[in-house]
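Just target-v8.pdb here, PDB, C-alpha atoms, pLDDT in the B column:
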```pdb
ATOM      1  CA  MET A  25     -38.640   0.076   2.544  1.00 53.00           C
ATOM      2  CA  GLN A  26     -35.367  -0.298   0.710  1.00 59.00           C
ATOM      3  CA  ASN A  27     -34.063  -3.719   0.130  1.00 69.00           C
ATOM      4  CA  ARG A  28     -30.426  -4.631   0.209  1.00 68.00           C
ATOM      5  CA  ARG A  29     -29.962  -4.607  -3.543  1.00 67.00           C
ATOM      6  CA  GLN A  30     -31.348  -1.114  -3.962  1.00 68.00           C
ATOM      7  CA  MET A  31     -29.181   0.099  -1.135  1.00 65.00           C
ATOM      8  CA  LEU A  32     -26.081  -1.367  -2.710  1.00 62.00           C
ATOM      9  CA  GLN A  33     -26.885   0.004  -6.133  1.00 66.00           C
ATOM     10  CA  ARG A  34     -27.520   3.433  -4.759  1.00 64.00           C
ATOM     11  CA  SER A  35     -24.317   3.568  -2.764  1.00 63.00           C
ATOM     12  CA  ALA A  36     -22.357   2.267  -5.739  1.00 60.00           C
ATOM     13  CA  ALA A  37     -23.880   4.946  -7.960  1.00 61.00           C
ATOM     14  CA  LEU A  38     -23.089   7.601  -5.400  1.00 56.00           C
ATOM     15  CA  ALA A  39     -19.497   6.528  -5.036  1.00 56.00           C
ATOM     16  CA  GLY A  40     -19.142   6.455  -8.811  1.00 52.00           C
ATOM     17  CA  ALA A  41     -20.569   9.952  -9.103  1.00 52.00           C
ATOM     18  CA  LEU A  42     -18.202  11.219  -6.452  1.00 49.00           C
ATOM     19  CA  ALA A  43     -15.212   9.629  -8.098  1.00 49.00           C
ATOM     20  CA  GLY A  44     -16.179  10.972 -11.496  1.00 44.00           C
ATOM     21  CA  LEU A  45     -17.220  14.413 -10.399  1.00 42.00           C
ATOM     22  CA  GLY A  46     -15.051  16.223  -7.990  1.00 40.00           C
ATOM     23  CA  LEU A  47     -12.440  13.665  -7.012  1.00 42.00           C
ATOM     24  CA  LEU A  48     -13.682  14.569  -3.590  1.00 42.00           C
ATOM     25  CA  PRO A  49     -11.610  12.406  -1.303  1.00 42.00           C
ATOM     26  CA  ARG A  50      -8.524  12.859  -3.435  1.00 39.00           C
ATOM     27  CA  ALA A  51      -8.629  16.621  -3.206  1.00 40.00           C
ATOM     28  CA  ALA A  52      -8.670  16.244   0.541  1.00 41.00           C
ATOM     29  CA  GLN A  53      -5.413  14.305   0.428  1.00 42.00           C
ATOM     30  CA  ALA A  54      -3.017  16.265  -1.675  1.00 47.00           C
ATOM     31  CA  ALA A  55      -0.153  13.945  -0.796  1.00 66.00           C
ATOM     32  CA  TRP A  56      -1.661  10.972  -2.611  1.00 72.00           C
ATOM     33  CA  ASN A  57      -0.092  11.134  -6.058  1.00 75.00           C
ATOM     34  CA  SER A  58      -2.931  10.054  -8.347  1.00 75.00           C
ATOM     35  CA  ALA A  59      -0.834  10.411 -11.505  1.00 75.00           C
ATOM     36  CA  ALA A  60       1.715   7.978 -10.118  1.00 78.00           C
ATOM     37  CA  PHE A  61      -0.929   5.473  -9.108  1.00 78.00           C
ATOM     38  CA  GLU A  62      -2.511   5.648 -12.564  1.00 77.00           C
ATOM     39  CA  ALA A  63       0.769   5.143 -14.414  1.00 75.00           C
ATOM     40  CA  LYS A  64       0.766   2.118 -16.684  1.00 76.00           C
ATOM     41  CA  ASN A  65       4.475   1.725 -17.261  1.00 76.00           C
ATOM     42  CA  MET A  66       7.799   2.681 -15.824  1.00 76.00           C
ATOM     43  CA  SER A  67       8.367   5.804 -17.922  1.00 77.00           C
ATOM     44  CA  ASP A  68       4.945   7.256 -17.015  1.00 79.00           C
ATOM     45  CA  LEU A  69       5.584   6.480 -13.401  1.00 79.00           C
ATOM     46  CA  VAL A  70       8.984   8.081 -13.350  1.00 80.00           C
ATOM     47  CA  LYS A  71       7.473  11.172 -14.952  1.00 79.00           C
ATOM     48  CA  ALA A  72       4.633  11.304 -12.421  1.00 78.00           C
ATOM     49  CA  LEU A  73       7.065  11.071  -9.545  1.00 78.00           C
ATOM     50  CA  GLY A  74       9.427  13.600 -11.066  1.00 78.00           C
ATOM     51  CA  VAL A  75      12.533  11.465 -10.625  1.00 79.00           C
ATOM     52  CA  SER A  76      15.170  10.065 -12.945  1.00 79.00           C
ATOM     53  CA  ALA A  77      14.955   6.583 -14.431  1.00 79.00           C
ATOM     54  CA  PRO A  78      15.865   3.899 -11.913  1.00 82.00           C
ATOM     55  CA  THR A  79      19.078   1.929 -12.062  1.00 84.00           C
ATOM     56  CA  ALA A  80      19.553  -1.611 -10.790  1.00 82.00           C
ATOM     57  CA  SER A  81      21.270  -1.845  -7.444  1.00 83.00           C
ATOM     58  CA  LYS A  82      22.190  -4.519  -4.964  1.00 82.00           C
ATOM     59  CA  ASP A  83      21.506  -2.104  -2.117  1.00 85.00           C
ATOM     60  CA  VAL A  84      17.803  -2.595  -2.661  1.00 87.00           C
ATOM     61  CA  SER A  85      16.131  -5.934  -2.170  1.00 87.00           C
ATOM     62  CA  ILE A  86      12.752  -7.426  -2.848  1.00 89.00           C
ATOM     63  CA  THR A  87      11.464 -10.565  -1.231  1.00 89.00           C
ATOM     64  CA  GLY A  88       8.547 -12.707  -2.218  1.00 86.00           C
ATOM     65  CA  PRO A  89       7.605 -16.223  -3.245  1.00 88.00           C
ATOM     66  CA  ASP A  90       8.847 -17.673  -6.556  1.00 88.00           C
ATOM     67  CA  ILE A  91       5.391 -19.022  -7.208  1.00 87.00           C
ATOM     68  CA  ALA A  92       2.256 -17.542  -5.687  1.00 85.00           C
ATOM     69  CA  GLU A  93      -0.723 -19.860  -5.696  1.00 83.00           C
ATOM     70  CA  ASN A  94      -3.218 -17.107  -5.096  1.00 83.00           C
ATOM     71  CA  GLY A  95      -2.626 -13.787  -6.837  1.00 82.00           C
ATOM     72  CA  ALA A  96      -5.042 -12.034  -4.488  1.00 85.00           C
ATOM     73  CA  VAL A  97      -2.599 -12.333  -1.615  1.00 88.00           C
ATOM     74  CA  VAL A  98       1.073 -12.239  -2.523  1.00 89.00           C
ATOM     75  CA  PRO A  99       3.411 -11.436   0.357  1.00 89.00           C
ATOM     76  CA  VAL A 100       6.205  -9.115  -0.752  1.00 91.00           C
ATOM     77  CA  GLY A 101       8.836  -7.210   1.116  1.00 89.00           C
ATOM     78  CA  CYS A 102      11.062  -4.364   0.070  1.00 90.00           C
ATOM     79  CA  ALA A 103      14.153  -3.192   1.849  1.00 87.00           C
ATOM     80  CA  SER A 104      17.208  -1.072   1.345  1.00 87.00           C
ATOM     81  CA  SER A 105      20.566  -1.085   3.061  1.00 86.00           C
ATOM     82  CA  LEU A 106      21.199   2.558   2.171  1.00 83.00           C
ATOM     83  CA  ALA A 107      20.868   5.417   4.610  1.00 81.00           C
ATOM     84  CA  GLY A 108      18.598   8.321   3.794  1.00 82.00           C
ATOM     85  CA  VAL A 109      15.914   6.502   1.862  1.00 86.00           C
ATOM     86  CA  LYS A 110      13.081   8.916   1.303  1.00 86.00           C
ATOM     87  CA  GLN A 111      10.638   6.591  -0.401  1.00 85.00           C
ATOM     88  CA  LEU A 112      10.335   2.874  -1.052  1.00 88.00           C
ATOM     89  CA  LEU A 113       7.979   1.766  -3.794  1.00 87.00           C
ATOM     90  CA  ILE A 114       6.519  -1.602  -4.683  1.00 89.00           C
ATOM     91  CA  LEU A 115       5.613  -2.025  -8.350  1.00 87.00           C
ATOM     92  CA  VAL A 116       3.925  -4.917 -10.097  1.00 88.00           C
ATOM     93  CA  GLU A 117       4.799  -4.712 -13.770  1.00 84.00           C
ATOM     94  CA  LYS A 118       1.754  -6.355 -15.342  1.00 83.00           C
ATOM     95  CA  ASN A 119      -0.966  -5.049 -13.066  1.00 83.00           C
ATOM     96  CA  PRO A 120      -3.397  -2.561 -14.680  1.00 82.00           C
ATOM     97  CA  ASN A 121      -1.711   0.164 -12.682  1.00 83.00           C
ATOM     98  CA  MET A 122       1.867  -0.519 -11.874  1.00 84.00           C
ATOM     99  CA  LEU A 123       2.345   1.204  -8.553  1.00 86.00           C
ATOM    100  CA  ALA A 124       1.106  -0.776  -5.566  1.00 87.00           C
ATOM    101  CA  ALA A 125       2.494   1.056  -2.577  1.00 88.00           C
ATOM    102  CA  VAL A 126       4.741   3.932  -1.558  1.00 89.00           C
ATOM    103  CA  PHE A 127       6.351   3.909   1.855  1.00 88.00           C
ATOM    104  CA  GLU A 128       7.922   7.006   3.347  1.00 88.00           C
ATOM    105  CA  PRO A 129      10.007   5.988   6.332  1.00 87.00           C
ATOM    106  CA  GLY A 130      10.921   8.672   8.833  1.00 85.00           C
ATOM    107  CA  ASP A 131      14.333   8.853  10.486  1.00 85.00           C
ATOM    108  CA  SER A 132      13.462   6.323  13.145  1.00 86.00           C
ATOM    109  CA  VAL A 133      12.000   3.661  10.878  1.00 88.00           C
ATOM    110  CA  GLU A 134      14.156   1.195   8.975  1.00 87.00           C
ATOM    111  CA  PRO A 135      13.692   1.251   5.186  1.00 87.00           C
ATOM    112  CA  SER A 136      12.219  -2.222   5.227  1.00 88.00           C
ATOM    113  CA  PHE A 137       8.553  -3.031   4.769  1.00 90.00           C
ATOM    114  CA  ASN A 138       6.509  -6.140   4.269  1.00 91.00           C
ATOM    115  CA  THR A 139       2.993  -6.203   2.932  1.00 91.00           C
ATOM    116  CA  ARG A 140       0.712  -8.201   0.658  1.00 90.00           C
ATOM    117  CA  VAL A 141      -0.283  -7.231  -2.868  1.00 89.00           C
ATOM    118  CA  LYS A 142      -2.644  -8.452  -5.553  1.00 87.00           C
ATOM    119  CA  MET A 143      -1.257  -9.681  -8.867  1.00 87.00           C
ATOM    120  CA  GLY A 144      -3.325 -10.204 -12.002  1.00 83.00           C
ATOM    121  CA  GLN A 145      -0.807 -12.529 -13.637  1.00 84.00           C
ATOM    122  CA  SER A 146       2.772 -13.704 -13.451  1.00 87.00           C
ATOM    123  CA  SER A 147       4.967 -10.656 -13.572  1.00 87.00           C
ATOM    124  CA  ASN A 148       8.109  -8.944 -12.456  1.00 88.00           C
ATOM    125  CA  VAL A 149       7.822  -7.168  -9.141  1.00 88.00           C
ATOM    126  CA  PHE A 150      10.077  -4.212  -8.435  1.00 87.00           C
ATOM    127  CA  ALA A 151      11.251  -2.519  -5.293  1.00 88.00           C
ATOM    128  CA  VAL A 152      12.351   1.042  -5.981  1.00 88.00           C
ATOM    129  CA  ALA A 153      14.197   3.160  -3.461  1.00 88.00           C
ATOM    130  CA  ILE A 154      14.403   6.934  -3.821  1.00 86.00           C
ATOM    131  CA  THR A 155      17.078   8.447  -1.613  1.00 86.00           C
ATOM    132  CA  ALA A 156      17.278  11.936  -0.167  1.00 84.00           C
ATOM    133  CA  ASP A 157      19.925  12.864  -2.768  1.00 83.00           C
ATOM    134  CA  ASN A 158      17.550  11.757  -5.555  1.00 82.00           C
ATOM    135  CA  LYS A 159      19.193   8.497  -6.502  1.00 84.00           C
ATOM    136  CA  VAL A 160      16.634   6.053  -7.841  1.00 86.00           C
ATOM    137  CA  LEU A 161      17.561   2.410  -7.437  1.00 87.00           C
ATOM    138  CA  PHE A 162      15.621  -0.760  -8.018  1.00 87.00           C
ATOM    139  CA  ALA A 163      15.622  -4.501  -7.538  1.00 88.00           C
ATOM    140  CA  GLN A 164      13.352  -6.935  -9.314  1.00 86.00           C
ATOM    141  CA  LYS A 165      12.014 -10.411  -8.887  1.00 89.00           C
ATOM    142  CA  GLU A 166       9.752 -12.536 -11.012  1.00 89.00           C
ATOM    143  CA  ILE A 167       6.741 -13.973  -9.247  1.00 89.00           C
ATOM    144  CA  LYS A 168       4.663 -16.594 -11.017  1.00 88.00           C
ATOM    145  CA  VAL A 169       0.977 -16.555 -10.250  1.00 86.00           C
ATOM    146  CA  THR A 170      -1.186 -19.605 -10.794  1.00 83.00           C
ATOM    147  CA  LEU A 171      -4.487 -17.843 -10.018  1.00 69.00           C
ATOM    148  CA  GLY A 172      -4.920 -14.129 -10.774  1.00 59.00           C
ATOM    149  CA  GLY A 173      -6.147 -11.724  -8.148  1.00 58.00           C
ATOM    150  CA  CYS A 174      -7.416  -8.761 -10.128  1.00 56.00           C
ATOM    151  CA  GLY A 175     -10.199 -10.940 -11.497  1.00 53.00           C
ATOM    152  CA  GLY A 176     -12.736  -9.789 -14.043  1.00 43.00           C
TER     153      GLY A 176
ATOM    154  CA  MET B   9     -16.794   2.607  10.859  1.00 53.00           C
ATOM    155  CA  ALA B  10     -14.576  -0.164   9.845  1.00 69.00           C
ATOM    156  CA  ASP B  11     -13.517  -3.029  12.069  1.00 80.00           C
ATOM    157  CA  PRO B  12     -10.552  -2.493  14.377  1.00 84.00           C
ATOM    158  CA  MET B  13      -7.022  -3.221  13.245  1.00 87.00           C
ATOM    159  CA  ARG B  14      -4.949  -5.881  14.861  1.00 89.00           C
ATOM    160  CA  ILE B  15      -1.602  -4.458  15.856  1.00 89.00           C
ATOM    161  CA  ARG B  16       1.296  -6.346  17.399  1.00 89.00           C
ATOM    162  CA  ALA B  17       4.430  -4.513  18.398  1.00 89.00           C
ATOM    163  CA  GLN B  18       7.296  -6.500  19.837  1.00 89.00           C
ATOM    164  CA  ALA B  19      10.554  -5.097  21.124  1.00 89.00           C
ATOM    165  CA  ALA B  20      13.845  -6.881  20.416  1.00 88.00           C
ATOM    166  CA  GLY B  21      16.855  -4.950  21.645  1.00 86.00           C
ATOM    167  CA  ASP B  22      16.238  -1.317  20.715  1.00 86.00           C
ATOM    168  CA  LYS B  23      14.118  -2.212  17.707  1.00 88.00           C
ATOM    169  CA  VAL B  24      10.385  -2.658  17.651  1.00 90.00           C
ATOM    170  CA  THR B  25       8.793  -4.812  14.981  1.00 91.00           C
ATOM    171  CA  VAL B  26       5.267  -3.675  14.278  1.00 91.00           C
ATOM    172  CA  ARG B  27       2.798  -5.895  12.467  1.00 91.00           C
ATOM    173  CA  VAL B  28      -0.567  -4.520  11.478  1.00 91.00           C
ATOM    174  CA  LEU B  29      -3.548  -6.305  10.017  1.00 91.00           C
ATOM    175  CA  MET B  30      -6.215  -3.920   8.782  1.00 89.00           C
ATOM    176  CA  SER B  31      -9.736  -4.885   7.934  1.00 87.00           C
ATOM    177  CA  HIS B  32     -10.670  -3.443   4.556  1.00 85.00           C
ATOM    178  CA  GLU B  33     -12.236  -4.616   1.301  1.00 83.00           C
ATOM    179  CA  MET B  34      -9.560  -3.060  -0.947  1.00 84.00           C
ATOM    180  CA  GLU B  35     -11.805  -3.170  -4.015  1.00 82.00           C
ATOM    181  CA  THR B  36      -9.711  -2.535  -7.137  1.00 82.00           C
ATOM    182  CA  GLY B  37     -12.250  -0.889  -9.399  1.00 80.00           C
ATOM    183  CA  GLN B  38     -11.418  -3.527 -12.029  1.00 80.00           C
ATOM    184  CA  ARG B  39     -13.983  -6.130 -11.067  1.00 82.00           C
ATOM    185  CA  LYS B  40     -17.540  -6.367 -12.331  1.00 81.00           C
ATOM    186  CA  ASP B  41     -20.592  -7.513 -10.429  1.00 79.00           C
ATOM    187  CA  SER B  42     -23.071 -10.112 -11.687  1.00 83.00           C
ATOM    188  CA  SER B  43     -24.975  -7.535 -13.760  1.00 84.00           C
ATOM    189  CA  GLY B  44     -21.787  -6.427 -15.523  1.00 81.00           C
ATOM    190  CA  LYS B  45     -21.355  -3.115 -13.781  1.00 84.00           C
ATOM    191  CA  VAL B  46     -17.922  -2.155 -12.553  1.00 82.00           C
ATOM    192  CA  ILE B  47     -17.615  -2.251  -8.773  1.00 82.00           C
ATOM    193  CA  PRO B  48     -16.129   1.114  -7.830  1.00 84.00           C
ATOM    194  CA  ALA B  49     -12.684   1.180  -6.307  1.00 82.00           C
ATOM    195  CA  TRP B  50     -12.555   1.314  -2.538  1.00 88.00           C
ATOM    196  CA  PHE B  51      -9.178   1.087  -0.910  1.00 86.00           C
ATOM    197  CA  ILE B  52      -6.930   2.502   1.785  1.00 88.00           C
ATOM    198  CA  GLN B  53      -4.965   5.427   0.402  1.00 87.00           C
ATOM    199  CA  GLU B  54      -2.884   6.564   3.268  1.00 88.00           C
ATOM    200  CA  VAL B  55      -1.460   4.886   6.336  1.00 90.00           C
ATOM    201  CA  THR B  56       0.472   6.713   9.011  1.00 90.00           C
ATOM    202  CA  ALA B  57       2.242   5.287  12.012  1.00 90.00           C
ATOM    203  CA  ALA B  58       3.161   7.198  15.132  1.00 90.00           C
ATOM    204  CA  HIS B  59       5.541   6.206  17.912  1.00 89.00           C
ATOM    205  CA  ASN B  60       4.670   7.870  21.239  1.00 89.00           C
ATOM    206  CA  GLY B  61       2.662  10.456  19.340  1.00 86.00           C
ATOM    207  CA  LYS B  62       5.377  11.338  16.804  1.00 88.00           C
ATOM    208  CA  THR B  63       4.743  10.343  13.192  1.00 89.00           C
ATOM    209  CA  VAL B  64       7.470   7.973  12.037  1.00 90.00           C
ATOM    210  CA  MET B  65       6.149   6.513   8.795  1.00 89.00           C
ATOM    211  CA  THR B  66       3.692   7.351   6.040  1.00 90.00           C
ATOM    212  CA  ALA B  67       2.545   5.028   3.304  1.00 89.00           C
ATOM    213  CA  HIS B  68       0.464   5.727   0.211  1.00 89.00           C
ATOM    214  CA  TRP B  69      -1.297   2.735  -1.221  1.00 89.00           C
ATOM    215  CA  GLY B  70      -3.003   1.971  -4.483  1.00 85.00           C
ATOM    216  CA  PRO B  71      -5.831  -0.483  -5.054  1.00 87.00           C
ATOM    217  CA  SER B  72      -3.449  -3.358  -5.722  1.00 87.00           C
ATOM    218  CA  VAL B  73      -2.607  -3.866  -2.082  1.00 88.00           C
ATOM    219  CA  ALA B  74      -4.326  -7.075  -0.997  1.00 87.00           C
ATOM    220  CA  LYS B  75      -7.657  -7.258   0.795  1.00 87.00           C
ATOM    221  CA  ASN B  76      -7.365  -6.933   4.576  1.00 89.00           C
ATOM    222  CA  PRO B  77      -3.891  -5.430   4.222  1.00 89.00           C
ATOM    223  CA  PHE B  78      -0.917  -6.565   6.205  1.00 91.00           C
ATOM    224  CA  LEU B  79       1.956  -4.249   6.984  1.00 91.00           C
ATOM    225  CA  GLN B  80       5.191  -4.884   8.827  1.00 91.00           C
ATOM    226  CA  PHE B  81       7.870  -2.347   9.650  1.00 90.00           C
ATOM    227  CA  VAL B  82      10.617  -1.767  12.203  1.00 91.00           C
ATOM    228  CA  VAL B  83      10.914   1.246  14.478  1.00 90.00           C
ATOM    229  CA  LYS B  84      14.372   2.048  15.799  1.00 88.00           C
ATOM    230  CA  GLY B  85      14.896   3.247  19.357  1.00 85.00           C
ATOM    231  CA  GLY B  86      11.707   1.816  20.784  1.00 83.00           C
ATOM    232  CA  LYS B  87      11.193  -0.112  24.018  1.00 84.00           C
ATOM    233  CA  ALA B  88       8.484  -2.074  25.786  1.00 87.00           C
ATOM    234  CA  GLY B  89       5.680   0.136  27.024  1.00 88.00           C
ATOM    235  CA  ASP B  90       5.882   2.578  24.115  1.00 88.00           C
ATOM    236  CA  LYS B  91       2.729   3.406  22.222  1.00 90.00           C
ATOM    237  CA  ILE B  92       2.341   2.692  18.522  1.00 90.00           C
ATOM    238  CA  THR B  93      -0.578   4.369  16.794  1.00 92.00           C
ATOM    239  CA  ILE B  94      -1.705   3.417  13.299  1.00 91.00           C
ATOM    240  CA  ASN B  95      -4.098   5.533  11.299  1.00 90.00           C
ATOM    241  CA  TRP B  96      -5.543   4.954   7.845  1.00 89.00           C
ATOM    242  CA  VAL B  97      -7.734   6.914   5.441  1.00 89.00           C
ATOM    243  CA  ASP B  98      -9.467   5.320   2.466  1.00 87.00           C
ATOM    244  CA  ASN B  99     -10.554   6.851  -0.837  1.00 85.00           C
ATOM    245  CA  ARG B 100     -14.081   7.444   0.491  1.00 84.00           C
ATOM    246  CA  GLY B 101     -12.699   9.457   3.370  1.00 83.00           C
ATOM    247  CA  ASP B 102     -13.321   6.785   6.004  1.00 86.00           C
ATOM    248  CA  LYS B 103     -10.775   6.760   8.791  1.00 87.00           C
ATOM    249  CA  ARG B 104      -9.665   4.438  11.506  1.00 89.00           C
ATOM    250  CA  THR B 105      -7.114   4.875  14.268  1.00 90.00           C
ATOM    251  CA  ASP B 106      -5.898   2.175  16.633  1.00 90.00           C
ATOM    252  CA  GLU B 107      -3.226   2.069  19.262  1.00 88.00           C
ATOM    253  CA  ALA B 108      -1.086  -0.702  20.696  1.00 90.00           C
ATOM    254  CA  THR B 109       1.502  -0.948  23.435  1.00 90.00           C
ATOM    255  CA  VAL B 110       4.924  -2.390  22.654  1.00 89.00           C
ATOM    256  CA  SER B 111       5.552  -5.655  24.468  1.00 85.00           C
TER     257      SER B 111
END
```
If you convert what's in this file into structure tokens, what do you get?
Amino acid sequence: MQNRRQMLQRSAALAGALAGLGLLPRAAQAAWNSAAFEAKNMSDLVKALGVSAPTASKDVSITGPDIAENGAVVPVGCASSLAGVKQLLILVEKNPNMLAAVFEPGDSVEPSFNTRVKMGQSSNVFAVAITADNKVLFAQKEIKVTLGGCGG
Amino acid sequence: MADPMRIRAQAAGDKVTVRVLMSHEMETGQRKDSSGKVIPAWFIQEVTAAHNGKTVMTAHWGPSVAKNPFLQFVVKGGKAGDKITINWVDNRGDKRTDEATVS
């Protein structure tokens, strides 16, 4: 009879082996850009996405609290007033991996998304919009975190 | 199988605001358990939304999206009675699809 602890350990070991070995689930989803999600800074990220360096723009906006009490749940929104936005990205500068989310709106969805992210510490948060004609624009906002959410 | 999502889709004019609350651990792969071993990452990688069966939005997420993720977006040209379908896939290959009717 297995107890709960053994079960948990075994499934953890299995998941670890899978992740280390064949990148099984990732291979199944070619669209998920693992290089981009592993990027530690803006230049790595830009390289992984294959786009030019972003420029600041007032056509992109990021919304969020000035101070987040709990870094595990920080509501942020990104939006763009431009037409033809291909991708909208949310980046958290000081997280272990910068990229939090990529949204790809179709023609009938407005380039405006709200979600919640985790933040390890106070940091700048960026919204990056990539348009169909390969312009890369960003907006940033500093969010102060009083309790980190990537806890160790 | 994971718990169902909670989806609310409300029409205002010709726009439909969709709010989704998914039920998922969203483990980062950064945390350690009490014996000091790293808890492997477990998070939603891909979310797709369909409006009356046609895919309108795709999102790729990393592990830094918060636990039990919330997502809000706006679909243009929708009306009450339309169907919104949300589908996610996590990094272990688990899937979940739920549907809601626009009100």
By how many Å are atom CA of Val97 of chain B and atom CA of Asp131 of chain A apart?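 So the two atoms, atom CA of Val97 of chain B and atom CA of Asp131 of chain A, lie 22.7 Å apart.
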Please find the residues of chain A near chain B - the criterion being any atom within 6 Å, counting only C-alpha atoms - and write them as a ChimeraX atom specification. /A:49,97,124-130,132-134,137-142,176
May I ask for the distance between atom CA of Pro12 of chain B and atom CA of Ile92 of chain B, given in Å to one decimal place? 14.5 Å
Considering all atoms listed in the file, return as a count of residues only whatever protein or nucleic-acid residues lie within 10 Å of Met13 of chain B, sequence-local ones (same chain, fewer than 3 positions apart) excluded. 18
Given the file above and the PyMOL selection byres ((chain A and resi 154) around 12), which residues are selected, and can you give them as a ChimeraX atom specification? /A:70,73-79,81,83-84,103-104,106-114,126-129,135,151-153,155-162
What would the selection look like, as a list in words, if the PyMOL selection byres ((chain A and resi 122) around 8) were run on the coordinates I just shared?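 In the shown coordinates, the PyMOL selection byres ((chain A and resi 122) around 8) covers Phe61, Glu62, Ala63, Lys64, Asn65, Met66, Leu115, Val116, Glu117, Lys118, Asn119, Pro120, Asn121, Leu123 and Ala124 of chain A.
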Work out how far apart atom CA of Ala92 of chain A and atom CA of Ala59 of chain A are and give it in Å to one decimal. 28.7 Å
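In terms of minimum interatomic distance to Asn148 of chain A, A:Ala163 ranks closest within A:Gly95, A:Thr170, A:Ala163, A:Leu69, counting only C-alpha atoms.
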Centre and size of axis-aligned box enclosing segment 71-78 of chain A plus 6 Å each side, as lines of an AutoDock Vina configuration file:
```
center_x = 10.2
center_y = 8.7
center_z = -12.2
size_x = 23.2
size_y = 21.7
size_z = 17.4
```
Name the residues captured by the PyMOL selection byres ((chain B and resi 60) around 8) when it is applied to the shown file; answer as a PDB file with C-alpha atoms, keeping the file's coordinate frame.
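selection-v7.pdb, freshly written:
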```
ATOM      1  CA  ALA B  58       3.161   7.198  15.132  1.00 90.00           C
ATOM      2  CA  HIS B  59       5.541   6.206  17.912  1.00 89.00           C
ATOM      3  CA  GLY B  61       2.662  10.456  19.340  1.00 86.00           C
ATOM      4  CA  LYS B  62       5.377  11.338  16.804  1.00 88.00           C
ATOM      5  CA  ASP B  90       5.882   2.578  24.115  1.00 88.00           C
ATOM      6  CA  LYS B  91       2.729   3.406  22.222  1.00 90.00           C
ATOM      7  CA  ILE B  92       2.341   2.692  18.522  1.00 90.00           C
ATOM      8  CA  THR B  93      -0.578   4.369  16.794  1.00 92.00           C
TER       9      THR B  93
END
```
